[in-house]
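What follows is the content of start.txt, which has compact mmCIF, C-alpha atoms:
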```
# COMPACT_ATOMS: atom_id res chain seq x y z
CA MET A 1 184.66 55.41 145.18
CA LYS A 2 181.56 54.53 143.15
CA HIS A 3 180.92 58.18 142.39
CA SER A 4 184.44 58.60 140.97
CA LEU A 5 184.10 55.50 138.79
CA ASP A 6 180.81 56.76 137.38
CA ASN A 7 182.41 60.07 136.50
CA SER A 8 185.25 58.34 134.66
CA VAL A 9 182.88 56.22 132.54
CA ARG A 10 180.33 58.84 131.53
CA PRO A 11 182.63 61.08 129.46
CA ALA A 12 183.74 58.09 127.37
CA ARG A 13 180.12 57.27 126.57
CA SER A 14 179.29 60.86 125.71
CA ARG A 15 182.23 60.97 123.28
CA ALA A 16 181.30 57.69 121.58
CA LEU A 17 177.62 58.51 121.06
CA PRO A 18 178.06 61.58 118.81
CA LEU A 19 180.59 59.66 116.70
CA HIS A 20 178.07 56.86 116.20
CA LEU A 21 175.21 59.19 115.34
CA GLY A 22 177.37 61.46 113.19
CA THR A 23 178.59 58.71 110.87
CA TRP A 24 175.15 57.49 109.75
CA PRO A 25 175.18 59.73 106.60
CA ALA A 26 178.42 58.03 105.50
CA PHE A 27 176.85 54.59 105.92
CA ALA A 28 173.78 55.88 104.06
CA VAL A 29 176.08 56.92 101.19
CA ALA A 30 177.61 53.43 101.10
CA ALA A 31 174.20 51.75 101.04
CA TRP A 32 172.91 54.21 98.43
CA GLY A 33 175.88 53.53 96.16
CA VAL A 34 175.56 49.74 96.35
CA LEU A 35 171.80 49.77 95.76
CA PHE A 36 172.15 52.17 92.84
CA ALA A 37 174.88 50.05 91.25
CA VAL A 38 172.68 46.95 91.08
CA PRO A 39 170.44 48.13 88.18
CA SER A 40 173.47 49.18 86.13
CA PHE A 41 175.04 45.73 86.42
CA VAL A 42 171.74 43.92 85.87
CA TRP A 43 171.03 45.89 82.69
CA ALA A 44 174.63 45.50 81.51
CA LEU A 45 174.29 41.72 81.87
CA GLY A 46 171.14 41.67 79.74
CA GLY A 47 168.44 41.90 82.40
CA THR A 48 165.56 44.32 81.95
CA PHE A 49 164.05 44.21 85.43
CA GLY A 50 162.68 47.64 86.29
CA ALA A 51 163.93 49.21 83.07
CA GLN A 52 160.93 48.80 80.78
CA SER A 53 158.69 51.12 82.79
CA THR A 54 161.20 53.50 84.41
CA VAL A 55 163.79 54.19 81.68
CA ALA A 56 163.44 55.95 78.33
CA PRO A 57 162.61 53.52 75.47
CA SER A 58 165.65 54.65 73.48
CA LEU A 59 167.96 53.61 76.32
CA MET A 60 166.03 50.38 76.77
CA LYS A 61 166.55 49.53 73.10
CA LEU A 62 170.29 50.15 73.37
CA ALA A 63 170.46 47.70 76.28
CA GLN A 64 168.35 45.08 74.49
CA ASP A 65 170.38 45.40 71.28
CA ARG A 66 173.57 44.96 73.34
CA VAL A 67 175.18 48.06 71.83
CA THR A 68 178.82 47.92 72.85
CA TRP A 69 179.37 51.55 73.82
CA PHE A 70 176.16 51.64 75.86
CA LEU A 71 177.07 48.45 77.71
CA ALA A 72 180.44 50.01 78.47
CA VAL A 73 178.65 53.06 79.89
CA LEU A 74 176.52 50.80 82.10
CA TRP A 75 179.59 49.00 83.46
CA VAL A 76 181.47 52.23 84.06
CA THR A 77 178.53 53.89 85.83
CA GLY A 78 178.04 50.77 87.92
CA PHE A 79 181.64 50.83 89.11
CA LEU A 80 181.44 54.59 89.71
CA LYS A 81 178.47 53.99 92.00
CA LEU A 82 180.46 51.35 93.86
CA PHE A 83 183.32 53.83 94.14
CA GLY A 84 180.82 56.24 95.69
CA ALA A 85 179.95 53.54 98.20
CA LEU A 86 183.66 53.18 99.02
CA VAL A 87 183.88 56.94 99.55
CA GLY A 88 180.99 56.65 101.98
CA ILE A 89 182.78 53.89 103.90
CA GLY A 90 185.96 55.96 103.91
CA LEU A 91 184.11 58.91 105.42
CA THR A 92 183.10 56.89 108.48
CA HIS A 93 186.54 57.17 110.11
CA ARG A 94 189.53 59.50 109.96
CA ARG A 95 192.02 58.54 107.22
CA GLY A 96 195.46 59.63 106.06
CA THR A 97 196.06 63.06 104.55
CA TRP A 98 195.94 62.13 100.88
CA THR A 99 193.01 59.74 101.32
CA SER A 100 191.10 62.40 103.23
CA ARG A 101 191.72 64.95 100.52
CA LEU A 102 190.47 62.58 97.83
CA MET A 103 187.35 61.60 99.78
CA VAL A 104 186.42 65.19 100.61
CA LEU A 105 187.02 66.25 96.99
CA CYS A 106 184.87 63.40 95.68
CA GLY A 107 182.25 63.82 98.38
CA GLY A 108 181.76 67.51 97.68
CA GLY A 109 181.65 66.95 93.93
CA ALA A 110 179.23 64.03 94.17
CA ALA A 111 176.88 66.05 96.39
CA VAL A 112 176.56 68.82 93.79
CA LEU A 113 176.30 66.51 90.78
CA LEU A 114 173.60 64.35 92.34
CA VAL A 115 171.48 67.17 93.75
CA TRP A 116 171.74 69.10 90.48
CA HIS A 117 170.78 66.07 88.40
CA GLY A 118 167.92 65.16 90.73
CA CYS A 119 166.56 68.72 90.75
CA LEU A 120 166.57 68.74 86.94
CA PHE A 121 164.42 65.60 86.94
CA VAL A 122 162.03 67.03 89.52
CA VAL A 123 161.68 70.44 87.86
CA HIS A 124 161.15 68.82 84.46
CA GLY A 125 158.52 66.50 85.91
CA VAL A 126 156.69 69.34 87.66
CA LEU A 127 156.61 71.39 84.45
CA VAL A 128 155.25 68.43 82.48
CA GLU A 129 152.62 67.62 85.09
CA ALA A 130 151.57 71.28 85.19
CA GLY A 131 151.17 71.35 81.42
CA ALA A 132 153.87 73.96 80.93
CA LEU A 133 156.11 71.55 79.02
CA ALA A 134 155.20 68.95 76.42
CA VAL A 135 156.91 65.59 75.92
CA PRO A 136 156.57 62.94 73.19
CA PRO A 137 153.73 60.45 73.83
CA ASP A 138 156.13 57.53 74.34
CA LEU A 139 157.82 59.43 77.18
CA ALA A 140 154.69 60.68 78.92
CA GLY A 141 154.47 57.61 81.13
CA LEU A 142 158.02 58.12 82.35
CA THR A 143 157.40 61.57 83.77
CA CYS A 144 156.07 60.30 87.09
CA TRP A 145 159.00 57.91 87.49
CA TYR A 146 161.53 60.70 87.03
CA LEU A 147 159.50 63.07 89.21
CA TYR A 148 158.77 60.74 92.11
CA LEU A 149 161.56 58.12 91.92
CA TRP A 150 164.74 59.03 90.07
CA GLY A 151 164.76 62.75 90.92
CA PRO A 152 164.27 62.27 94.69
CA TRP A 153 166.68 59.31 94.64
CA PHE A 154 169.47 61.46 93.20
CA ILE A 155 168.70 64.28 95.63
CA VAL A 156 168.73 61.97 98.66
CA GLY A 157 172.08 60.56 97.56
CA GLY A 158 173.51 64.05 97.07
CA LEU A 159 172.32 65.22 100.48
CA ALA A 160 173.82 62.11 102.09
CA PHE A 161 177.18 62.86 100.44
CA ALA A 162 176.96 66.47 101.60
CA ALA A 163 176.16 65.50 105.20
CA ALA A 164 178.85 62.79 105.36
CA THR A 165 181.53 65.04 103.86
CA THR A 166 180.62 67.98 106.12
CA HIS A 167 180.77 65.83 109.22
CA TYR A 168 184.11 64.36 108.17
CA VAL A 169 185.62 67.81 107.61
CA ARG A 170 184.34 69.09 110.96
CA ARG A 171 186.09 66.37 112.94
CA HIS A 172 189.32 66.45 110.93
CA ASP A 173 192.40 68.15 112.41
CA GLY A 174 193.13 70.08 109.19
CA ARG A 175 189.66 71.53 108.73
CA ARG A 176 190.80 74.53 106.70
CA GLU A 177 192.68 72.37 104.21
CA MET A 178 189.83 69.89 103.95
CA ARG A 179 187.39 72.73 103.30
CA ARG A 180 189.56 73.87 100.41
CA TYR A 181 189.48 70.42 98.81
CA GLY A 182 185.75 70.19 99.38
CA SER A 183 185.26 73.61 97.78
CA VAL A 184 187.30 72.53 94.75
CA GLY A 185 185.09 69.46 94.35
CA VAL A 186 181.92 71.52 94.69
CA LEU A 187 183.09 74.19 92.24
CA GLY A 188 184.28 71.63 89.69
CA ALA A 189 181.00 69.72 89.87
CA LEU A 190 179.01 72.93 89.60
CA LEU A 191 180.88 74.02 86.47
CA LEU A 192 180.50 70.55 84.95
CA SER A 193 176.77 70.54 85.72
CA LEU A 194 176.27 73.97 84.19
CA ALA A 195 178.25 73.04 81.08
CA SER A 196 176.37 69.76 80.58
CA THR A 197 173.00 71.47 81.07
CA LEU A 198 173.82 74.24 78.58
CA ALA A 199 174.99 71.58 76.12
CA GLY A 200 171.74 69.68 76.56
CA ILE A 201 173.43 66.65 78.08
CA GLY A 202 172.40 66.93 81.73
```

Write out the structure in this file as structure tokens.
Amino acid sequence: MKHSLDNSVRPARSRALPLHLGTWPAFAVAAWGVLFAVPSFVWALGGTFGAQSTVAPSLMKLAQDRVTWFLAVLWVTGFLKLFGALVGIGLTHRRGTWTSRLMVLCGGGAAVLLVWHGCLFVVHGVLVEAGALAVPPDLAGLTCWYLYLWGPWFIVGGLAFAAATTHYVRRHDGRREMRRYGSVGVLGALLLSLASTLAGIG
């Protein structure tokens, strides 16, 4: 009798454990989004904590001068980061068809955009540190921040989105359809990243 009860309990535990371990990237995405949104809102409200030494002086001046369009950008980016956190929360459990499509589309796109952006920061920083690329004197002190902080931070966020989205697709009933939406998000983000880089925006 005891042996049969043990057998009935063990499979339930084995099913629950992978679900718990597999959802940690989605929770990491949520935490990453919330933490990243804080500086945007602080700077939009007039605070300069952390900005004077880690952000380009031209952007710092726009924030200090309370330039309307730049403040609007800060608010929008802050809410976009919170939306990313919501996507992370949504990826922790199976959702409806349309919600799943949206989350997988956004998750795939965010992964590419963040990794691309972070890699640009890292590559630029490495080139500057190696002496292969020159920067204005007022930006020289920022190189290390973009190389060791902002670049890796973007990359970590992108990898978390990639892991969370991949895990969600794998345990979804309509895997083939979800892969299509994820591929659309990845391709769209890749084209946008290439276009912005060629235009000198990225």

query = Got a sec: who's within 7 Å of stretch 84-95 of chain A, counting all atoms listed in the file, leaving out chain neighbours fewer than 3 positions off, as an NGL selection string?
reply = :A and (23 or 26-27 or 29-31 or 33-34 or 80-81 or 99-100 or 103 or 164-165 or 168)

Among the residues A:Leu105, A:Leu74, A:His124, A:Ala110, the one that comes closest to A:Gly185 [using only C-alpha atoms] =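 Of A:Leu105, A:Leu74, A:His124, A:Ala110, the one nearest A:Gly185, counting only C-alpha atoms, is A:Leu105.
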
key: Distance in Å - atom CA of A:Leu133 versus atom CA of A:Gly118   =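 Separating atom CA of A:Leu133 from atom CA of A:Gly118 is a distance of 17.8 Å.
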
Can you write out as a Markdown table which residues of stretch 77-130 of chain A fall within 7 Å of stretch 134-147 of chain A, alongside each residue's closest atom pair and its distance in Å to one decimal, counting only C-alpha atoms and ordering rows by chain and ascending residue number?
```
| residue | atom | partner | partner_atom | distance |
| --- | --- | --- | --- | --- |
| A:Phe121 | CA | A:Tyr146 | CA | 5.7 |
| A:Val122 | CA | A:Leu147 | CA | 4.7 |
| A:Gly125 | CA | A:Leu147 | CA | 4.9 |
| A:Val128 | CA | A:Ala134 | CA | 6.1 |
```

Please, could you write that set of residues out with C-alpha atoms as a compact mmCIF listing (two decimals), in the coordinates of the input?
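Result went into result.txt, see below:
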```
# COMPACT_ATOMS: atom_id res chain seq x y z
CA PHE A 121 164.42 65.60 86.94
CA VAL A 122 162.03 67.03 89.52
CA GLY A 125 158.52 66.50 85.91
CA VAL A 128 155.25 68.43 82.48
```

ask   = Quick one, how far is atom CA of A:Val73 from atom CA of A:Gly108?
value =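 Computing it gives 23.1 Å between the two atoms.
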
Pick from A:Trp69, A:Tyr181, A:Trp116, A:Trp150, whichever lies nearest to A:Thr166 using all atoms listed in the file =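 For A:Thr166, the nearest of the candidates is A:Tyr181.
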
task = Record the distance separating atom CA of A:Gly182 and atom CA of A:Val104, expressed in Å with one decimal.
result = 5.2 Å

Expected axis-aligned box over every listed atom of stretch 140-147 of chain A, 8 Å added per side, centre plus edges in Å to one decimal, as JSON:
```
{"center_x": 158.0, "center_y": 60.3, "center_z": 84.1, "size_x": 23.1, "size_y": 21.5, "size_z": 26.3}
```

Compile the contact shell of A:Phe49 as a PDB file with C-alpha atoms, in the frame of the given file: residues with an atom at most 12 Å away, counting only C-alpha atoms, same-chain residues fewer than 3 positions apart removed.
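Saved result, around37.pdb, follows:
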```pdb
ATOM      1  CA  VAL A  38     172.680  46.950  91.080  1.00  0.00           C
ATOM      2  CA  PRO A  39     170.440  48.130  88.180  1.00  0.00           C
ATOM      3  CA  SER A  40     173.470  49.180  86.130  1.00  0.00           C
ATOM      4  CA  PHE A  41     175.040  45.730  86.420  1.00  0.00           C
ATOM      5  CA  VAL A  42     171.740  43.920  85.870  1.00  0.00           C
ATOM      6  CA  TRP A  43     171.030  45.890  82.690  1.00  0.00           C
ATOM      7  CA  ALA A  44     174.630  45.500  81.510  1.00  0.00           C
ATOM      8  CA  LEU A  45     174.290  41.720  81.870  1.00  0.00           C
ATOM      9  CA  GLY A  46     171.140  41.670  79.740  1.00  0.00           C
ATOM     10  CA  GLN A  52     160.930  48.800  80.780  1.00  0.00           C
ATOM     11  CA  SER A  53     158.690  51.120  82.790  1.00  0.00           C
ATOM     12  CA  THR A  54     161.200  53.500  84.410  1.00  0.00           C
ATOM     13  CA  VAL A  55     163.790  54.190  81.680  1.00  0.00           C
ATOM     14  CA  MET A  60     166.030  50.380  76.770  1.00  0.00           C
ATOM     15  CA  ALA A  63     170.460  47.700  76.280  1.00  0.00           C
ATOM     16  CA  GLN A  64     168.350  45.080  74.490  1.00  0.00           C
TER      17      GLN A  64
END
```

request  = Name the residues, using the chain letters and numbers of the file, that sit within 6 Å of (182.1, 73.9, 93.0) when counting only C-alpha atoms, and give them as JSON, numbers by chain.
outcome  = {"A": [183, 184, 185, 186, 187, 188, 189, 190]}

Could you model all heavy atoms for stretch 38-49 of chain A and present them as a PDB file, keeping the file's coordinate frame?
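This went into result.pdb:
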```pdb
ATOM      1  N   VAL A  38     173.310  48.213  91.484  1.00  0.00           N
ATOM      2  CA  VAL A  38     172.680  46.950  91.080  1.00  0.00           C
ATOM      3  C   VAL A  38     171.973  47.054  89.730  1.00  0.00           C
ATOM      4  O   VAL A  38     172.202  46.212  88.849  1.00  0.00           O
ATOM      5  CB  VAL A  38     171.714  46.460  92.188  1.00  0.00           C
ATOM      6  CG1 VAL A  38     170.888  45.273  91.688  1.00  0.00           C
ATOM      7  CG2 VAL A  38     172.495  46.065  93.437  1.00  0.00           C
ATOM      8  N   PRO A  39     171.089  48.066  89.504  1.00  0.00           N
ATOM      9  CA  PRO A  39     170.440  48.130  88.180  1.00  0.00           C
ATOM     10  C   PRO A  39     171.419  48.262  87.025  1.00  0.00           C
ATOM     11  O   PRO A  39     171.196  47.664  85.960  1.00  0.00           O
ATOM     12  CB  PRO A  39     169.551  49.387  88.301  1.00  0.00           C
ATOM     13  CG  PRO A  39     169.341  49.585  89.753  1.00  0.00           C
ATOM     14  CD  PRO A  39     170.602  49.116  90.408  1.00  0.00           C
ATOM     15  N   SER A  40     172.489  49.013  87.216  1.00  0.00           N
ATOM     16  CA  SER A  40     173.470  49.180  86.130  1.00  0.00           C
ATOM     17  C   SER A  40     174.065  47.844  85.732  1.00  0.00           C
ATOM     18  O   SER A  40     174.186  47.528  84.531  1.00  0.00           O
ATOM     19  CB  SER A  40     174.587  50.136  86.573  1.00  0.00           C
ATOM     20  OG  SER A  40     174.096  51.443  86.790  1.00  0.00           O
ATOM     21  N   PHE A  41     174.444  47.036  86.718  1.00  0.00           N
ATOM     22  CA  PHE A  41     175.040  45.730  86.420  1.00  0.00           C
ATOM     23  C   PHE A  41     174.016  44.750  85.856  1.00  0.00           C
ATOM     24  O   PHE A  41     174.323  43.969  84.955  1.00  0.00           O
ATOM     25  CB  PHE A  41     175.697  45.162  87.678  1.00  0.00           C
ATOM     26  CG  PHE A  41     176.916  45.918  88.119  1.00  0.00           C
ATOM     27  CD1 PHE A  41     177.067  46.345  89.432  1.00  0.00           C
ATOM     28  CD2 PHE A  41     177.932  46.225  87.225  1.00  0.00           C
ATOM     29  CE1 PHE A  41     178.189  47.032  89.843  1.00  0.00           C
ATOM     30  CE2 PHE A  41     179.061  46.921  87.619  1.00  0.00           C
ATOM     31  CZ  PHE A  41     179.185  47.334  88.933  1.00  0.00           C
ATOM     32  N   VAL A  42     172.788  44.806  86.375  1.00  0.00           N
ATOM     33  CA  VAL A  42     171.740  43.920  85.870  1.00  0.00           C
ATOM     34  C   VAL A  42     171.449  44.217  84.404  1.00  0.00           C
ATOM     35  O   VAL A  42     171.359  43.313  83.567  1.00  0.00           O
ATOM     36  CB  VAL A  42     170.456  44.064  86.719  1.00  0.00           C
ATOM     37  CG1 VAL A  42     169.284  43.334  86.058  1.00  0.00           C
ATOM     38  CG2 VAL A  42     170.675  43.514  88.119  1.00  0.00           C
ATOM     39  N   TRP A  43     171.319  45.513  84.078  1.00  0.00           N
ATOM     40  CA  TRP A  43     171.030  45.890  82.690  1.00  0.00           C
ATOM     41  C   TRP A  43     172.228  45.606  81.792  1.00  0.00           C
ATOM     42  O   TRP A  43     172.072  45.237  80.632  1.00  0.00           O
ATOM     43  CB  TRP A  43     170.642  47.363  82.618  1.00  0.00           C
ATOM     44  CG  TRP A  43     169.406  47.678  83.412  1.00  0.00           C
ATOM     45  CD1 TRP A  43     168.431  46.797  83.801  1.00  0.00           C
ATOM     46  CD2 TRP A  43     169.004  48.947  83.934  1.00  0.00           C
ATOM     47  NE1 TRP A  43     167.455  47.427  84.528  1.00  0.00           N
ATOM     48  CE2 TRP A  43     167.775  48.747  84.628  1.00  0.00           C
ATOM     49  CE3 TRP A  43     169.556  50.222  83.890  1.00  0.00           C
ATOM     50  CZ2 TRP A  43     167.106  49.792  85.261  1.00  0.00           C
ATOM     51  CZ3 TRP A  43     168.875  51.272  84.518  1.00  0.00           C
ATOM     52  CH2 TRP A  43     167.663  51.063  85.190  1.00  0.00           C
ATOM     53  N   ALA A  44     173.442  45.775  82.300  1.00  0.00           N
ATOM     54  CA  ALA A  44     174.630  45.500  81.510  1.00  0.00           C
ATOM     55  C   ALA A  44     174.748  44.010  81.179  1.00  0.00           C
ATOM     56  O   ALA A  44     175.276  43.630  80.123  1.00  0.00           O
ATOM     57  CB  ALA A  44     175.881  45.964  82.245  1.00  0.00           C
ATOM     58  N   LEU A  45     174.234  43.173  82.075  1.00  0.00           N
ATOM     59  CA  LEU A  45     174.290  41.720  81.870  1.00  0.00           C
ATOM     60  C   LEU A  45     173.126  41.193  81.037  1.00  0.00           C
ATOM     61  O   LEU A  45     173.038  39.992  80.790  1.00  0.00           O
ATOM     62  CB  LEU A  45     174.314  41.006  83.231  1.00  0.00           C
ATOM     63  CG  LEU A  45     175.607  41.194  84.044  1.00  0.00           C
ATOM     64  CD1 LEU A  45     175.429  40.633  85.458  1.00  0.00           C
ATOM     65  CD2 LEU A  45     176.775  40.519  83.355  1.00  0.00           C
ATOM     66  N   GLY A  46     172.235  42.091  80.610  1.00  0.00           N
ATOM     67  CA  GLY A  46     171.140  41.670  79.740  1.00  0.00           C
ATOM     68  C   GLY A  46     169.787  41.644  80.403  1.00  0.00           C
ATOM     69  O   GLY A  46     168.771  41.410  79.738  1.00  0.00           O
ATOM     70  N   GLY A  47     169.720  41.869  81.711  1.00  0.00           N
ATOM     71  CA  GLY A  47     168.440  41.900  82.400  1.00  0.00           C
ATOM     72  C   GLY A  47     167.697  43.191  82.118  1.00  0.00           C
ATOM     73  O   GLY A  47     168.301  44.225  81.817  1.00  0.00           O
ATOM     74  N   THR A  48     166.382  43.120  82.199  1.00  0.00           N
ATOM     75  CA  THR A  48     165.560  44.320  81.950  1.00  0.00           C
ATOM     76  C   THR A  48     164.646  44.618  83.125  1.00  0.00           C
ATOM     77  O   THR A  48     163.716  45.415  82.997  1.00  0.00           O
ATOM     78  CB  THR A  48     164.711  44.129  80.683  1.00  0.00           C
ATOM     79  OG1 THR A  48     163.872  42.968  80.838  1.00  0.00           O
ATOM     80  CG2 THR A  48     165.591  43.970  79.462  1.00  0.00           C
ATOM     81  N   PHE A  49     164.914  44.010  84.268  1.00  0.00           N
ATOM     82  CA  PHE A  49     164.050  44.210  85.430  1.00  0.00           C
ATOM     83  C   PHE A  49     164.030  45.687  85.838  1.00  0.00           C
ATOM     84  O   PHE A  49     165.068  46.289  86.086  1.00  0.00           O
ATOM     85  CB  PHE A  49     164.549  43.361  86.605  1.00  0.00           C
ATOM     86  CG  PHE A  49     163.755  43.566  87.871  1.00  0.00           C
ATOM     87  CD1 PHE A  49     162.509  42.986  88.019  1.00  0.00           C
ATOM     88  CD2 PHE A  49     164.252  44.354  88.899  1.00  0.00           C
ATOM     89  CE1 PHE A  49     161.773  43.180  89.173  1.00  0.00           C
ATOM     90  CE2 PHE A  49     163.530  44.550  90.061  1.00  0.00           C
ATOM     91  CZ  PHE A  49     162.283  43.963  90.196  1.00  0.00           C
TER      92      PHE A  49
END
```
